[in-house]
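Structure below is my_file.cif: mmCIF, C-alpha atoms and all ligand atoms.
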data_protein
loop_
_atom_site.label_atom_id
_atom_site.label_comp_id
_atom_site.auth_asym_id
_atom_site.auth_seq_id
_atom_site.Cartn_x
_atom_site.Cartn_y
_atom_site.Cartn_z
CA MET A 1 71.23 71.20 -2.61
CA LEU A 2 68.07 73.23 -2.65
CA ARG A 3 64.83 72.09 -4.11
CA PRO A 4 61.23 73.02 -3.43
CA ARG A 5 59.56 70.84 -0.85
CA HIS A 6 56.70 68.57 -1.66
CA PRO A 7 53.55 70.05 -0.09
CA ILE A 8 52.47 66.67 1.29
CA LYS A 9 54.68 65.63 4.14
CA GLU A 10 54.48 61.89 3.54
CA LEU A 11 55.57 62.38 -0.06
CA GLU A 12 58.30 64.81 0.92
CA ALA A 13 59.57 62.01 3.17
CA VAL A 14 59.71 59.66 0.17
CA LEU A 15 61.69 62.25 -1.80
CA ARG A 16 64.11 62.77 1.07
CA SER A 17 64.56 59.08 1.46
CA ALA A 18 65.31 58.89 -2.25
CA GLU A 19 67.91 61.65 -2.00
CA LYS A 20 69.58 59.82 0.87
CA GLN A 21 69.92 56.84 -1.44
CA GLY A 22 71.54 58.94 -4.12
CA TRP A 23 68.50 59.53 -6.30
CA LYS A 24 68.03 62.87 -8.01
CA VAL A 25 64.81 64.78 -7.50
CA ASP A 26 63.59 67.48 -9.87
CA ARG A 27 60.55 69.64 -9.63
CA GLY A 28 58.49 69.56 -12.81
CA LYS A 29 55.22 71.19 -13.68
CA GLY A 30 52.64 69.68 -11.38
CA TYR A 31 54.87 66.85 -10.26
CA PHE A 32 58.24 65.89 -8.95
CA LYS A 33 60.47 63.56 -10.88
CA MET A 34 62.77 61.23 -9.02
CA PHE A 35 65.39 59.18 -10.76
CA CYS A 36 68.00 56.75 -9.68
CA THR A 37 71.66 57.07 -10.55
CA CYS A 38 72.40 53.32 -10.56
CA GLY A 39 72.58 53.28 -14.34
CA GLU A 40 69.39 51.26 -14.85
CA LEU A 41 67.27 54.34 -15.44
CA HIS A 42 64.88 53.75 -12.58
CA LYS A 43 62.56 56.69 -12.32
CA LYS A 44 59.20 57.72 -11.03
CA PHE A 45 56.98 60.74 -11.16
CA VAL A 46 55.46 61.92 -7.91
CA HIS A 47 52.30 63.95 -8.31
CA LEU A 48 51.82 67.13 -6.34
CA THR A 49 48.23 66.47 -5.37
CA PRO A 50 47.39 62.81 -5.82
CA SER A 51 43.73 61.95 -5.28
CA ASP A 52 44.45 58.35 -4.33
CA PRO A 53 44.60 58.00 -0.54
CA ASN A 54 46.96 55.05 -0.98
CA TYR A 55 49.29 56.98 -3.25
CA GLU A 56 52.25 57.00 -0.87
CA LYS A 57 51.85 53.32 -0.05
CA ASN A 58 51.60 52.39 -3.71
CA LEU A 59 54.53 54.61 -4.58
CA ARG A 60 56.74 52.92 -2.00
CA GLY A 61 55.50 49.53 -3.13
CA TYR A 62 56.40 50.33 -6.71
CA LEU A 63 59.83 51.58 -5.74
CA LYS A 64 60.56 48.51 -3.64
CA SER A 65 59.47 46.01 -6.26
CA ARG A 66 60.59 47.68 -9.49
CA THR A 67 63.73 49.63 -8.67
CA CYS A 68 66.83 49.27 -6.52
CA TRP A 69 65.04 51.22 -3.75
CA LYS A 70 65.98 50.37 -0.20
CA GLU A 71 63.43 51.09 2.46
CA ASP A 72 64.23 53.99 4.74
CA MET A 73 67.76 54.01 5.89
CA PRO A 74 68.43 55.40 9.34
ZN ZN A 101 68.33 52.08 -9.59
#
Can I see the file as structure tokens?
Amino acid sequence: MLRPRHPIKELEAVLRSAEKQGWKVDRGKGYFKMFCTCGELHKKFVHLTPSDPNYEKNLRGYLKSRTCWKEDMP
């Protein structure tokens, strides 16, 4: 499954972690879209160049609290 990589390595790691959990990741225009296949329509946009230095932390926090995200599996 080929998809363009996220230019920011921390965010690419989030996308890879998502894919390991069965989420789908699509590249949009200026963002990536990640969505869960659990049937509850969990989804999140991931910006290409977020200006918030806490973006990755907040993104993971959102995923953990609002979706069926499981923190990094080995
Ligand atoms: Zn889900």
* Asked: Between A:Gln21, A:Ser51, A:Asn58, A:Thr67, which has the minimum distance to ligand ZN 101 (chain A) (counting all atoms listed in the file)?
  ->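 Ranking A:Gln21, A:Ser51, A:Asn58, A:Thr67 by distance to ligand ZN 101 (chain A), first place goes to A:Thr67.
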Site check for ligand ZN 101 (chain A): residues at most 9 Å away, only C-alpha atoms and all ligand atoms, as a compact mmCIF listing (two decimals) with C-alpha atoms, in the coordinates of the input:
# COMPACT_ATOMS: atom_id res chain seq x y z
CA TRP A 23 68.50 59.53 -6.30
CA PHE A 35 65.39 59.18 -10.76
CA CYS A 36 68.00 56.75 -9.68
CA THR A 37 71.66 57.07 -10.55
CA CYS A 38 72.40 53.32 -10.56
CA GLY A 39 72.58 53.28 -14.34
CA GLU A 40 69.39 51.26 -14.85
CA LEU A 41 67.27 54.34 -15.44
CA HIS A 42 64.88 53.75 -12.58
CA LYS A 43 62.56 56.69 -12.32
CA ARG A 66 60.59 47.68 -9.49
CA THR A 67 63.73 49.63 -8.67
CA CYS A 68 66.83 49.27 -6.52
CA TRP A 69 65.04 51.22 -3.75
* To do: Would you mind listing what lies within 9 Å of range 3-5 of chain A as a VMD selection string, with only C-alpha atoms counted and same-chain residues fewer than 5 positions away left out?
  => chain A and resid 12 15 25 to 27
Since we have the selection now, will you write its residues out, keeping C-alpha atoms, as an mmCIF file, keeping the file's coordinate frame?
data_model
loop_
_atom_site.group_PDB
_atom_site.id
_atom_site.type_symbol
_atom_site.label_atom_id
_atom_site.label_comp_id
_atom_site.auth_asym_id
_atom_site.auth_seq_id
_atom_site.Cartn_x
_atom_site.Cartn_y
_atom_site.Cartn_z
ATOM 1 C CA GLU A 12 58.300 64.810 0.920
ATOM 2 C CA LEU A 15 61.690 62.250 -1.800
ATOM 3 C CA VAL A 25 64.810 64.780 -7.500
ATOM 4 C CA ASP A 26 63.590 67.480 -9.870
ATOM 5 C CA ARG A 27 60.550 69.640 -9.630
#
* Which residues, written as a list in words, have at least one atom at most 12 Å from range 53-57 of chain A, with all atoms listed in the file counted and residues fewer than 5 positions away on the same chain left out? ->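 The neighbour list is Ile8, Lys9, Glu10, Leu11, Glu12, Ala13, Val14, Leu15, Phe45, Val46, His47, Leu48, Tyr62, Leu63 and Lys64 of chain A.
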* Asked: Quick one, how far is CA of Glu19 in chain A from CA of Asp52 in chain A?
  ->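 CA of Asp52 in chain A lies at a distance of 23.8 Å from CA of Glu19 in chain A.
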Repaired coordinates for range 13-38 of chain A (N, CA and C atoms) as an mmCIF file, in the frame of the given file:
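See part.cif below for the written result:
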data_model
loop_
_atom_site.group_PDB
_atom_site.id
_atom_site.type_symbol
_atom_site.label_atom_id
_atom_site.label_comp_id
_atom_site.auth_asym_id
_atom_site.auth_seq_id
_atom_site.Cartn_x
_atom_site.Cartn_y
_atom_site.Cartn_z
ATOM 1 N N ALA A 13 58.734 63.016 2.496
ATOM 2 C CA ALA A 13 59.570 62.010 3.170
ATOM 3 C C ALA A 13 60.101 60.983 2.165
ATOM 4 N N VAL A 14 59.258 60.607 1.200
ATOM 5 C CA VAL A 14 59.710 59.660 0.170
ATOM 6 C C VAL A 14 60.844 60.300 -0.639
ATOM 7 N N LEU A 15 60.658 61.562 -1.003
ATOM 8 C CA LEU A 15 61.690 62.250 -1.800
ATOM 9 C C LEU A 15 62.993 62.366 -1.025
ATOM 10 N N ARG A 16 62.883 62.659 0.258
ATOM 11 C CA ARG A 16 64.110 62.770 1.070
ATOM 12 C C ARG A 16 64.812 61.440 1.211
ATOM 13 N N SER A 17 64.003 60.412 1.374
ATOM 14 C CA SER A 17 64.560 59.080 1.460
ATOM 15 C C SER A 17 65.289 58.734 0.162
ATOM 16 N N ALA A 18 64.690 59.123 -0.948
ATOM 17 C CA ALA A 18 65.310 58.890 -2.250
ATOM 18 C C ALA A 18 66.658 59.609 -2.340
ATOM 19 N N GLU A 19 66.669 60.866 -1.926
ATOM 20 C CA GLU A 19 67.910 61.650 -2.000
ATOM 21 C C GLU A 19 69.006 61.033 -1.138
ATOM 22 N N LYS A 20 68.600 60.483 0.007
ATOM 23 C CA LYS A 20 69.580 59.820 0.870
ATOM 24 C C LYS A 20 70.205 58.613 0.181
ATOM 25 N N GLN A 21 69.425 58.016 -0.718
ATOM 26 C CA GLN A 21 69.920 56.840 -1.440
ATOM 27 C C GLN A 21 70.633 57.211 -2.723
ATOM 28 N N GLY A 22 70.797 58.506 -2.949
ATOM 29 C CA GLY A 22 71.540 58.940 -4.120
ATOM 30 C C GLY A 22 70.691 59.233 -5.347
ATOM 31 N N TRP A 23 69.367 59.188 -5.178
ATOM 32 C CA TRP A 23 68.500 59.530 -6.300
ATOM 33 C C TRP A 23 68.513 61.037 -6.497
ATOM 34 N N LYS A 24 68.198 61.449 -7.724
ATOM 35 C CA LYS A 24 68.030 62.870 -8.010
ATOM 36 C C LYS A 24 66.540 63.186 -8.013
ATOM 37 N N VAL A 25 66.207 64.362 -7.511
ATOM 38 C CA VAL A 25 64.810 64.780 -7.500
ATOM 39 C C VAL A 25 64.696 66.136 -8.179
ATOM 40 N N ASP A 26 63.832 66.222 -9.169
ATOM 41 C CA ASP A 26 63.590 67.480 -9.870
ATOM 42 C C ASP A 26 62.136 67.865 -9.742
ATOM 43 N N ARG A 27 61.918 69.162 -9.634
ATOM 44 C CA ARG A 27 60.550 69.640 -9.630
ATOM 45 C C ARG A 27 60.138 69.910 -11.065
ATOM 46 N N GLY A 28 59.038 69.288 -11.483
ATOM 47 C CA GLY A 28 58.490 69.560 -12.810
ATOM 48 C C GLY A 28 57.245 70.409 -12.669
ATOM 49 N N LYS A 29 56.449 70.408 -13.709
ATOM 50 C CA LYS A 29 55.220 71.190 -13.680
ATOM 51 C C LYS A 29 54.089 70.315 -13.164
ATOM 52 N N GLY A 30 53.711 70.488 -11.930
ATOM 53 C CA GLY A 30 52.640 69.680 -11.380
ATOM 54 C C GLY A 30 53.081 68.344 -10.810
ATOM 55 N N TYR A 31 54.361 68.123 -10.784
ATOM 56 C CA TYR A 31 54.870 66.850 -10.260
ATOM 57 C C TYR A 31 56.330 67.001 -9.881
ATOM 58 N N PHE A 32 56.809 66.021 -9.154
ATOM 59 C CA PHE A 32 58.240 65.890 -8.950
ATOM 60 C C PHE A 32 58.690 64.662 -9.729
ATOM 61 N N LYS A 33 59.916 64.708 -10.175
ATOM 62 C CA LYS A 33 60.470 63.560 -10.880
ATOM 63 C C LYS A 33 61.649 63.070 -10.057
ATOM 64 N N MET A 34 61.650 61.792 -9.761
ATOM 65 C CA MET A 34 62.770 61.230 -9.020
ATOM 66 C C MET A 34 63.414 60.159 -9.886
ATOM 67 N N PHE A 35 64.729 60.210 -9.976
ATOM 68 C CA PHE A 35 65.390 59.180 -10.760
ATOM 69 C C PHE A 35 66.670 58.715 -10.104
ATOM 70 N N CYS A 36 66.914 57.461 -10.315
ATOM 71 C CA CYS A 36 68.000 56.750 -9.680
ATOM 72 C C CYS A 36 69.264 56.924 -10.511
ATOM 73 N N THR A 37 70.399 56.886 -9.845
ATOM 74 C CA THR A 37 71.660 57.070 -10.550
ATOM 75 C C THR A 37 72.431 55.754 -10.666
ATOM 76 N N CYS A 38 71.727 54.623 -10.505
ATOM 77 C CA CYS A 38 72.400 53.320 -10.560
ATOM 78 C C CYS A 38 72.794 52.931 -11.985
#
